[in-house]
Amino acid sequence: MHTLLTHLTASEGEAHQLDEALPGHRELFHLPPADGGGYPEAAYFAGNSLGLQPKAVRTELIEDLADWSRFGVEGHHDAVRPWFGYHRLLTEPAARLVGALPEETVVMNSLTVNLHLLMVSFYRPRGERTHIVIEDSAFPSDSYAVRSHVRFHGLDPDEAVIRLRPRPGEDCLRTEDVVDFLDRQGHTVALVLLGGVNYLTGELMDIPAITAAGHAAGATVGWDLAHAAGNVPLHLHDWNVDFAAWCSYKYLNSGPGALSGVFIHQRHVTDRTLHRFEGWWSTDATTRFLMEPVSSPPATADAWAISNPPVLAMGPVRTSLDIFDTVGMVALRKRSEKLTGYLEGLLDEVTATRPLTVITPRDPRRRGSQLSLRVGGTTAADLARTLRHEHGVIADAREPDIIRLAPVPLYSTFHDCWRVADALAHSVSEER
């Protein structure tokens with residue numbers, strides 16, 4: 001029997017009561033078994049790294065495999081979900097997820113590949129406009145991608161890539177500081193490319209305000225939404241974002257390395273003067289099999305697609321998007337705020353006497369489903385191992401000292417939140 005911690009204001013029973021009053025959709029997902037602790041299932045807080053598997057994925061993948069075995073090549077047209085147009089099954093739900101028009105949206109490739117393809121179109125240095133602006137704590141893949149594009153254009157990445165840092169003594173980059181930089185230095189900026197939700201701190205940036213400031217400065221503005229898509233409501237078309245890309249394996253629960261989504265604003269998809277790389281799938285579907293040597297790209301985001309879509313990889317994305325369509329981002333955001341706020345209150349008690357500090361903004365409007373802790377007295381990796389093997393809590397470590405906790409509203413529970421606070425209290429000694 002699990003022993004309750006008397007110093008936590010909320011009891012384990014109260015956490016169960018909250019789950020009864022505000023249930024999520026845990027029954028739709030496979031939960032890993034606990035590797036330690038007194039519970040059969042893990043308390044899974046790594047959904048901002050890899051989401052859990054929806055139970056429907058296995059059945060629907062088997063259906064697609066059965067069509068392959070039954071029809072062979074004729075499955076392109078005769079399958080239950082014909083492969084030739086399979087990617088279009090993802091377009092409208094992906095558009096709804098990010099607040100886009102269907103013609104502005106396509107699911108293809110992986111995230112960094114898509115960022116490269118988009119920068120072919122939207123990073124066009126000229127004159128004094130050579131800079132790409134990213135956050136200093138950008139995910140390393142983004143940093144590598146922008147530096148390589150700068151080098152491709154014959155420029156020095158140490159000079160052309162501007163890394164915006166938080167104020168001294170702070171962990172998060174303030175929106176007003178980004179806007180101030182663009183007001184002062186925007187005339188040198190060709191592209192602003194920031195993370196919608198910072199992977200390390202969990203901070204939600206003010207996407208419409210920064211987009212407007214970038215445009216006022218004459219720059220193009222794109223967003224990496226890897227940690228934002230499926231986490232927070234997005235309205236990319238209305239916010240006038242130039243382009244965005246996101247992966248599908250975090251909050252979108254579509255499997256390891258799952259396909260990426262792309263948004264390109266309507267005003268750009270009809271612009272035939274934009275530079276793009278092209279391939280078999282970039283041409284209009286109605287003329288694709290005429291085998292013409294010159295592409296006839298459609299006036300949609302499909303014009304940025306290149307290769308034949310991987311149907312078996314698209315199946316889990318479609319399954320997941322169906323869940324988001326059914327539940328809705330408004331309901332998920334409401335539950336996310338309650339879960340994250342509840343976890344924050346528990347952590348306030350635990351961190352008050354231990355070398356643990358929450359670095360994620362306290363304002364719910366400035367964060368999604370993530371709280372990041374700075375760890376003292378041990379490494380983040382060591383603490384993550386202790387949480388997993390001794391308490392059955394799966395968290396995500398970022399070296400050297402950050403533990404990331406993601407109470408994902410689709411499948412995390414208030415009891416999971418109680419468990420992680422309880423586990424941290426047992427695992428980290430109080431300061432004396």
# chains A, B, ... in the order shown; residues from 1 in each chain; ligands from 1
$ residues_around --residues "Val120 in chain A" --least-positions-apart "5" --cutoff "9 Å" --atoms "only C-alpha atoms" --output "NGL selection string"
:A and (115 or 149 or 274-277)
$ residues_around --residues "range 129-133 of chain A" --least-positions-apart "6" --cutoff "8 Å" --atoms "only C-alpha atoms" --output "list of chain:residue names"
A:Val146, A:Glu159, A:Ala160, A:Val161, A:Ile162, A:Arg163, A:Leu164, A:His187, A:Thr188, A:Val189, A:Ala190, A:Leu191, A:Val192, A:Leu193, A:Leu194
$ select_by_dssp --residues "range 48-192 of chain A" --states "alpha helix (DSSP H)" --output "number ranges by chain"
A: 56-71, 75-78, 88-98, 111-122, 140-152, 157-160, 175-185
$ residues_around --residues "Thr300 in chain A" --least-positions-apart "5" --cutoff "8 Å" --atoms "only C-alpha atoms" --output "count of residues only"
6
$ residues_around --residues "range 169-186 of chain A" --least-positions-apart "6" --cutoff "9 Å" --atoms "only C-alpha atoms" --output "MDAnalysis selection string"
chainID A and resid 129 135:136 198 201:203 205:207 209:210 212:214 216:219 359:361
$ select_by_dssp --residues "range 117-362 of chain A" --states "strand (DSSP E)" --output "ChimeraX atom specification"
/A:131-135,161-164,189-195,220-224,243-246,260-264,356-358
$ closest_atom_pairs --of "range 9-61 of chain A" --to "range 387-410 of chain A" --cutoff "7 Å" --atoms "only C-alpha atoms" --output "tab-separated table"
residue	atom	partner	partner_atom	distance
A:Gly24	CA	A:Leu410	CA	5.6
A:His25	CA	A:Leu410	CA	5.2
A:Arg26	CA	A:Leu410	CA	6.3
A:Ala34	CA	A:Gly392	CA	4.5
A:Asp35	CA	A:Gly392	CA	5.1
A:Gly36	CA	A:Gly392	CA	4.4
A:Gly37	CA	A:His391	CA	3.9
A:Ala42	CA	A:Gly392	CA	5.0
A:Ala43	CA	A:Val393	CA	4.7
A:Tyr44	CA	A:Ile394	CA	5.0
A:Phe45	CA	A:Ala406	CA	4.6
A:Ala46	CA	A:Ala395	CA	5.1
A:Gly47	CA	A:Ala406	CA	6.0
A:Asn48	CA	A:Ala406	CA	6.0
$ write_last_selection --atoms "N, CA and C atoms" --output "PDB file, in the first residue's frame"
ATOM      1  N   GLY A  24     -10.378  12.707 -18.346  1.00  0.00           N
ATOM      2  CA  GLY A  24      -9.792  12.935 -19.664  1.00  0.00           C
ATOM      3  C   GLY A  24     -10.172  11.817 -20.614  1.00  0.00           C
ATOM      4  N   HIS A  25      -9.228  11.381 -21.435  1.00  0.00           N
ATOM      5  CA  HIS A  25      -9.498  10.362 -22.446  1.00  0.00           C
ATOM      6  C   HIS A  25      -8.408   9.289 -22.396  1.00  0.00           C
ATOM      7  N   ARG A  26      -8.010   8.954 -21.182  1.00  0.00           N
ATOM      8  CA  ARG A  26      -6.950   7.984 -20.966  1.00  0.00           C
ATOM      9  C   ARG A  26      -7.273   6.626 -21.592  1.00  0.00           C
ATOM     10  N   ALA A  34       4.393   0.421 -15.098  1.00  0.00           N
ATOM     11  CA  ALA A  34       5.332   1.075 -14.193  1.00  0.00           C
ATOM     12  C   ALA A  34       6.549   0.182 -13.979  1.00  0.00           C
ATOM     13  N   ASP A  35       7.719   0.799 -13.955  1.00  0.00           N
ATOM     14  CA  ASP A  35       8.969   0.081 -13.738  1.00  0.00           C
ATOM     15  C   ASP A  35       9.377   0.108 -12.268  1.00  0.00           C
ATOM     16  N   GLY A  36       8.595   0.766 -11.450  1.00  0.00           N
ATOM     17  CA  GLY A  36       8.873   0.867 -10.023  1.00  0.00           C
ATOM     18  C   GLY A  36       7.706   1.526  -9.337  1.00  0.00           C
ATOM     19  N   GLY A  37       7.727   1.555  -8.021  1.00  0.00           N
ATOM     20  CA  GLY A  37       6.641   2.178  -7.280  1.00  0.00           C
ATOM     21  C   GLY A  37       5.494   1.223  -7.043  1.00  0.00           C
ATOM     22  N   ALA A  42       2.605   3.378 -15.462  1.00  0.00           N
ATOM     23  CA  ALA A  42       3.490   4.523 -15.267  1.00  0.00           C
ATOM     24  C   ALA A  42       2.683   5.812 -15.242  1.00  0.00           C
ATOM     25  N   ALA A  43       3.171   6.763 -14.466  1.00  0.00           N
ATOM     26  CA  ALA A  43       2.693   8.144 -14.579  1.00  0.00           C
ATOM     27  C   ALA A  43       3.553   8.781 -15.662  1.00  0.00           C
ATOM     28  N   TYR A  44       2.960   9.002 -16.816  1.00  0.00           N
ATOM     29  CA  TYR A  44       3.726   9.356 -18.021  1.00  0.00           C
ATOM     30  C   TYR A  44       3.737  10.866 -18.217  1.00  0.00           C
ATOM     31  N   PHE A  45       4.924  11.479 -18.022  1.00  0.00           N
ATOM     32  CA  PHE A  45       5.060  12.930 -18.153  1.00  0.00           C
ATOM     33  C   PHE A  45       6.030  13.309 -19.264  1.00  0.00           C
ATOM     34  N   ALA A  46       6.222  12.418 -20.241  1.00  0.00           N
ATOM     35  CA  ALA A  46       7.148  12.678 -21.344  1.00  0.00           C
ATOM     36  C   ALA A  46       6.417  12.838 -22.674  1.00  0.00           C
ATOM     37  N   GLY A  47       5.147  13.205 -22.627  1.00  0.00           N
ATOM     38  CA  GLY A  47       4.381  13.381 -23.858  1.00  0.00           C
ATOM     39  C   GLY A  47       4.835  14.558 -24.693  1.00  0.00           C
ATOM     40  N   ASN A  48       5.657  15.459 -24.117  1.00  0.00           N
ATOM     41  CA  ASN A  48       6.252  16.540 -24.895  1.00  0.00           C
ATOM     42  C   ASN A  48       7.506  16.072 -25.618  1.00  0.00           C
TER      43      ASN A  48
END
$ closest_residue --among "A:Pro364, A:Pro310, A:Gly315, A:Gly376" --to "Phe84 in chain A" --atoms "only C-alpha atoms"
A:Pro310
$ closest_atom_pairs --of "range 242-345 of chain A" --to "range 107-114 of chain A" --cutoff "6 Å" --atoms "only C-alpha atoms" --output "CSV"
residue,atom,partner,partner_atom,distance
A:Trp246,CA,A:Leu111,CA,5.9
A:Cys247,CA,A:Leu111,CA,5.3
A:Leu259,CA,A:Ser110,CA,5.1
A:Ser260,CA,A:Ser110,CA,4.8
A:Gly261,CA,A:Val107,CA,4.3
$ write_last_selection --atoms "C-alpha atoms" --output "short mmCIF file (atom, residue, chain, number, x, y, z; two decimals), in the first residue's frame"
data_model
loop_
_atom_site.label_atom_id
_atom_site.label_comp_id
_atom_site.auth_asym_id
_atom_site.auth_seq_id
_atom_site.Cartn_x
_atom_site.Cartn_y
_atom_site.Cartn_z
CA TRP A 246 5.43 20.95 -36.60
CA CYS A 247 6.14 17.32 -35.85
CA LEU A 259 5.44 12.93 -40.17
CA SER A 260 5.47 16.71 -39.99
CA GLY A 261 2.78 19.22 -40.78
#
$ atom_distance --atom1 "CA of Ala245 in chain A" --atom2 "CA of Leu117 in chain A"
10.4 Å
$ atom_distance --atom1 "CA of Cys417 in chain A" --atom2 "CA of Gln17 in chain A"
13.0 Å
$ atom_distance --atom1 "CA of Thr220 in chain A" --atom2 "CA of Ser296 in chain A"
25.8 Å
